[in-house]
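Here is the structure we will look at, set down as structure tokens.
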Amino acid sequence: MRVCPICGKKYDSYPALSRKDNCTKICPDCGTREAVEVYTLYSQEGDITFIMEDKKNITSVVGFYFGEPDEEATRIFRGKLTAEFE
Ligand SMILES: [Zn+2]
């Protein structure tokens with residue numbers, strides 16, 4: 001059994017190498033997660049930032065929020081296709 005240093009999960013399948021330092025062994029799930037490119041697209045017209053994910057040849061919108069790109073907001077709204085605001 002190995003323990004993944006990122007998510008703390010125990011796994012016994014073949015480990016993936018972290019792309020951050022190329023030597024840390026992580027679980028396959030985290031390996032897949034690291035392989036995904038996340039970036040933001042800001043639309044000035046609507047004052048909306050879209051969170052995009054690039055997986056090999058697939059680009060998908062995985063969330064959005066109002067306002068300009070913000071690291072914290074990207075983390076919070078990633079994977080959520082609804083945004084609440086007052
Ligand atoms: Zn993991």
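How things are named: the first chain in the structure tokens is A, the next is B, and so on; residues count from 1 in each chain; ligands count from 1 in the order shown.
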
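Near ligand 1, at a distance of at most 9 Å and with only C-alpha atoms and all ligand atoms counted, sit the residues Val3, Cys4, Pro5, Ile6, Cys7, Gly8, Lys9, Lys10, Tyr11, Ile26, Cys27, Pro28, Asp29, Cys30, Gly31 and Arg33 of chain A.
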
Could you write those residues out with C-alpha atoms, as a PDB file, in the first residue's frame?
```
ATOM      1  CA  VAL A   3      -0.030   6.724   0.567  1.00  0.00           C
ATOM      2  CA  CYS A   4      -0.488   9.640  -1.787  1.00  0.00           C
ATOM      3  CA  PRO A   5       1.204  12.804  -0.405  1.00  0.00           C
ATOM      4  CA  ILE A   6      -1.331  15.036  -2.115  1.00  0.00           C
ATOM      5  CA  CYS A   7      -4.701  13.604  -1.164  1.00  0.00           C
ATOM      6  CA  GLY A   8      -3.579  11.237   1.606  1.00  0.00           C
ATOM      7  CA  LYS A   9      -5.432   8.345   0.022  1.00  0.00           C
ATOM      8  CA  LYS A  10      -4.077   4.809   0.208  1.00  0.00           C
ATOM      9  CA  TYR A  11      -3.693   3.069  -3.116  1.00  0.00           C
ATOM     10  CA  ILE A  26       1.334  10.264  -6.331  1.00  0.00           C
ATOM     11  CA  CYS A  27      -1.830   8.267  -6.864  1.00  0.00           C
ATOM     12  CA  PRO A  28      -3.274   7.866 -10.385  1.00  0.00           C
ATOM     13  CA  ASP A  29      -6.217  10.140  -9.554  1.00  0.00           C
ATOM     14  CA  CYS A  30      -3.958  13.029  -8.628  1.00  0.00           C
ATOM     15  CA  GLY A  31      -1.808  12.249 -11.657  1.00  0.00           C
ATOM     16  CA  ARG A  33      -5.768  15.881 -12.047  1.00  0.00           C
TER      17      ARG A  33
END
```

List every residue of stretch 37-56 of chain A that has an atom at most 9 Å from any atom of stretch 68-81 of chain A, and for each one report the closest atom pair and its distance in Å to one decimal, counting only C-alpha atoms, with rows sorted by chain and then by increasing residue number, as CSV.
```
residue,atom,partner,partner_atom,distance
A:Tyr39,CA,A:Thr74,CA,8.7
A:Thr40,CA,A:Pro69,CA,6.6
A:Leu41,CA,A:Pro69,CA,7.7
A:Tyr42,CA,A:Glu68,CA,6.5
A:Ser43,CA,A:Glu68,CA,8.4
A:Gln44,CA,A:Glu68,CA,8.3
A:Asp47,CA,A:Glu68,CA,6.7
A:Ile48,CA,A:Glu68,CA,6.7
A:Thr49,CA,A:Pro69,CA,5.7
A:Phe50,CA,A:Pro69,CA,8.3
A:Ile51,CA,A:Arg78,CA,6.5
A:Met52,CA,A:Arg78,CA,8.6
```

Any chance you could export the current selection's N, CA and C atoms as a short mmCIF file (atom, residue, chain, number, x, y, z; two decimals), in the first residue's frame?
```cif
data_model
loop_
_atom_site.label_atom_id
_atom_site.label_comp_id
_atom_site.auth_asym_id
_atom_site.auth_seq_id
_atom_site.Cartn_x
_atom_site.Cartn_y
_atom_site.Cartn_z
N TYR A 39 -7.29 27.11 -16.87
CA TYR A 39 -7.00 28.51 -17.11
C TYR A 39 -8.29 29.30 -17.14
N THR A 40 -8.19 30.59 -17.13
CA THR A 40 -9.39 31.41 -17.08
C THR A 40 -9.51 32.27 -18.33
N LEU A 41 -10.74 32.54 -18.68
CA LEU A 41 -11.05 33.39 -19.82
C LEU A 41 -11.96 34.50 -19.32
N TYR A 42 -11.53 35.73 -19.52
CA TYR A 42 -12.32 36.83 -19.01
C TYR A 42 -13.10 37.50 -20.13
N SER A 43 -14.40 37.64 -19.89
CA SER A 43 -15.24 38.34 -20.86
C SER A 43 -15.56 39.72 -20.33
N GLN A 44 -15.00 40.73 -21.01
CA GLN A 44 -15.18 42.10 -20.55
C GLN A 44 -16.65 42.53 -20.69
N ASP A 47 -18.43 40.99 -17.86
CA ASP A 47 -17.68 41.01 -16.61
C ASP A 47 -17.74 39.64 -15.94
N ILE A 48 -17.48 38.62 -16.74
CA ILE A 48 -17.54 37.26 -16.25
C ILE A 48 -16.21 36.56 -16.53
N THR A 49 -15.73 35.78 -15.58
CA THR A 49 -14.55 34.96 -15.81
C THR A 49 -14.98 33.50 -15.92
N PHE A 50 -14.60 32.87 -17.01
CA PHE A 50 -14.90 31.46 -17.20
C PHE A 50 -13.69 30.63 -16.81
N ILE A 51 -13.94 29.53 -16.12
CA ILE A 51 -12.86 28.61 -15.77
C ILE A 51 -12.87 27.49 -16.78
N MET A 52 -11.74 27.31 -17.46
CA MET A 52 -11.65 26.31 -18.52
C MET A 52 -10.70 25.20 -18.12
#
```

Item to check | Distance query A:Lys55 at most 12 Å, only C-alpha atoms, self and fewer than 4 positions along chain excluded, as a list in words | outcome: Thr32, Arg33, Glu34, Ala35, Val36, Glu37, Val38, Tyr39, Thr59, Ser60, Val61 and Val62 of chain A

Would you mind exporting all heavy atoms of the selected residues as an mmCIF file, in the first residue's frame?
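Everything below was put into selection.cif:
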```cif
data_model
loop_
_atom_site.group_PDB
_atom_site.id
_atom_site.type_symbol
_atom_site.label_atom_id
_atom_site.label_comp_id
_atom_site.auth_asym_id
_atom_site.auth_seq_id
_atom_site.Cartn_x
_atom_site.Cartn_y
_atom_site.Cartn_z
ATOM 1 N N THR A 32 -3.908 12.257 -12.846
ATOM 2 C CA THR A 32 -4.850 12.709 -13.867
ATOM 3 C C THR A 32 -5.199 14.171 -13.637
ATOM 4 O O THR A 32 -5.277 14.955 -14.569
ATOM 5 C CB THR A 32 -6.134 11.858 -13.811
ATOM 6 O OG1 THR A 32 -5.761 10.490 -13.852
ATOM 7 C CG2 THR A 32 -7.066 12.179 -14.963
ATOM 8 N N ARG A 33 -5.395 14.509 -12.380
ATOM 9 C CA ARG A 33 -5.768 15.881 -12.047
ATOM 10 C C ARG A 33 -4.659 16.853 -12.446
ATOM 11 O O ARG A 33 -4.928 17.939 -12.936
ATOM 12 C CB ARG A 33 -6.042 15.977 -10.536
ATOM 13 C CG ARG A 33 -7.145 16.954 -10.197
ATOM 14 C CD ARG A 33 -7.605 16.757 -8.751
ATOM 15 N NE ARG A 33 -8.242 15.476 -8.546
ATOM 16 C CZ ARG A 33 -8.105 14.734 -7.433
ATOM 17 N NH1 ARG A 33 -7.366 15.149 -6.440
ATOM 18 N NH2 ARG A 33 -8.752 13.596 -7.321
ATOM 19 N N GLU A 34 -3.415 16.455 -12.226
ATOM 20 C CA GLU A 34 -2.296 17.341 -12.579
ATOM 21 C C GLU A 34 -2.125 17.485 -14.080
ATOM 22 O O GLU A 34 -1.552 18.452 -14.552
ATOM 23 C CB GLU A 34 -0.995 16.810 -11.967
ATOM 24 C CG GLU A 34 -0.842 17.170 -10.524
ATOM 25 C CD GLU A 34 0.603 16.983 -10.049
ATOM 26 O OE1 GLU A 34 1.444 16.542 -10.846
ATOM 27 O OE2 GLU A 34 0.852 17.291 -8.881
ATOM 28 N N ALA A 35 -2.593 16.497 -14.825
ATOM 29 C CA ALA A 35 -2.435 16.531 -16.274
ATOM 30 C C ALA A 35 -3.412 17.497 -16.923
ATOM 31 O O ALA A 35 -3.308 17.810 -18.091
ATOM 32 C CB ALA A 35 -2.627 15.132 -16.850
ATOM 33 N N VAL A 36 -4.365 17.971 -16.151
ATOM 34 C CA VAL A 36 -5.377 18.874 -16.681
ATOM 35 C C VAL A 36 -4.911 20.318 -16.569
ATOM 36 O O VAL A 36 -4.464 20.746 -15.518
ATOM 37 C CB VAL A 36 -6.711 18.690 -15.911
ATOM 38 C CG1 VAL A 36 -7.747 19.682 -16.391
ATOM 39 C CG2 VAL A 36 -7.206 17.278 -16.050
ATOM 40 N N GLU A 37 -4.971 21.033 -17.654
ATOM 41 C CA GLU A 37 -4.613 22.445 -17.648
ATOM 42 C C GLU A 37 -5.829 23.263 -17.267
ATOM 43 O O GLU A 37 -6.880 23.130 -17.871
ATOM 44 C CB GLU A 37 -4.180 22.885 -19.050
ATOM 45 C CG GLU A 37 -2.853 22.348 -19.494
ATOM 46 C CD GLU A 37 -1.689 23.192 -18.989
ATOM 47 O OE1 GLU A 37 -1.924 24.369 -18.638
ATOM 48 O OE2 GLU A 37 -0.577 22.669 -18.952
ATOM 49 N N VAL A 38 -5.691 24.101 -16.290
ATOM 50 C CA VAL A 38 -6.794 24.962 -15.913
ATOM 51 C C VAL A 38 -6.412 26.405 -16.205
ATOM 52 O O VAL A 38 -5.318 26.841 -15.888
ATOM 53 C CB VAL A 38 -7.136 24.821 -14.414
ATOM 54 C CG1 VAL A 38 -8.268 25.751 -14.022
ATOM 55 C CG2 VAL A 38 -7.508 23.392 -14.103
ATOM 56 N N TYR A 39 -7.285 27.108 -16.866
ATOM 57 C CA TYR A 39 -7.002 28.510 -17.112
ATOM 58 C C TYR A 39 -8.294 29.299 -17.136
ATOM 59 O O TYR A 39 -9.383 28.723 -17.134
ATOM 60 C CB TYR A 39 -6.222 28.693 -18.419
ATOM 61 C CG TYR A 39 -6.922 28.191 -19.658
ATOM 62 C CD1 TYR A 39 -7.647 29.058 -20.462
ATOM 63 C CD2 TYR A 39 -6.862 26.856 -20.004
ATOM 64 C CE1 TYR A 39 -8.284 28.609 -21.595
ATOM 65 C CE2 TYR A 39 -7.504 26.387 -21.141
ATOM 66 C CZ TYR A 39 -8.209 27.277 -21.929
ATOM 67 O OH TYR A 39 -8.860 26.821 -23.048
ATOM 68 N N THR A 59 -11.656 20.671 -24.478
ATOM 69 C CA THR A 59 -11.713 21.868 -23.651
ATOM 70 C C THR A 59 -13.113 21.995 -23.089
ATOM 71 O O THR A 59 -14.086 21.865 -23.814
ATOM 72 C CB THR A 59 -11.375 23.122 -24.483
ATOM 73 O OG1 THR A 59 -10.063 22.982 -25.014
ATOM 74 C CG2 THR A 59 -11.432 24.370 -23.625
ATOM 75 N N SER A 60 -13.215 22.169 -21.808
ATOM 76 C CA SER A 60 -14.547 22.345 -21.253
ATOM 77 C C SER A 60 -14.585 23.507 -20.261
ATOM 78 O O SER A 60 -13.587 23.860 -19.652
ATOM 79 C CB SER A 60 -15.026 21.055 -20.577
ATOM 80 O OG SER A 60 -14.006 20.483 -19.814
ATOM 81 N N VAL A 61 -15.762 24.088 -20.137
ATOM 82 C CA VAL A 61 -15.995 25.128 -19.153
ATOM 83 C C VAL A 61 -16.415 24.415 -17.867
ATOM 84 O O VAL A 61 -17.350 23.632 -17.875
ATOM 85 C CB VAL A 61 -17.119 26.086 -19.612
ATOM 86 C CG1 VAL A 61 -17.336 27.198 -18.583
ATOM 87 C CG2 VAL A 61 -16.779 26.674 -20.964
ATOM 88 N N VAL A 62 -15.697 24.654 -16.802
ATOM 89 C CA VAL A 62 -16.018 23.939 -15.574
ATOM 90 C C VAL A 62 -16.542 24.859 -14.474
ATOM 91 O O VAL A 62 -16.838 24.416 -13.375
ATOM 92 C CB VAL A 62 -14.793 23.149 -15.055
ATOM 93 C CG1 VAL A 62 -14.440 22.027 -16.018
ATOM 94 C CG2 VAL A 62 -13.610 24.054 -14.821
#
```

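Residues of chain A assigned to alpha helix (DSSP H) by DSSP on this structure's backbone: Pro28, Asp29, Cys30, Gly31, Thr32, Arg33, Glu34, Glu71, Glu72, Ala73, Thr74, Arg75, Ile76 and Phe77 of chain A.
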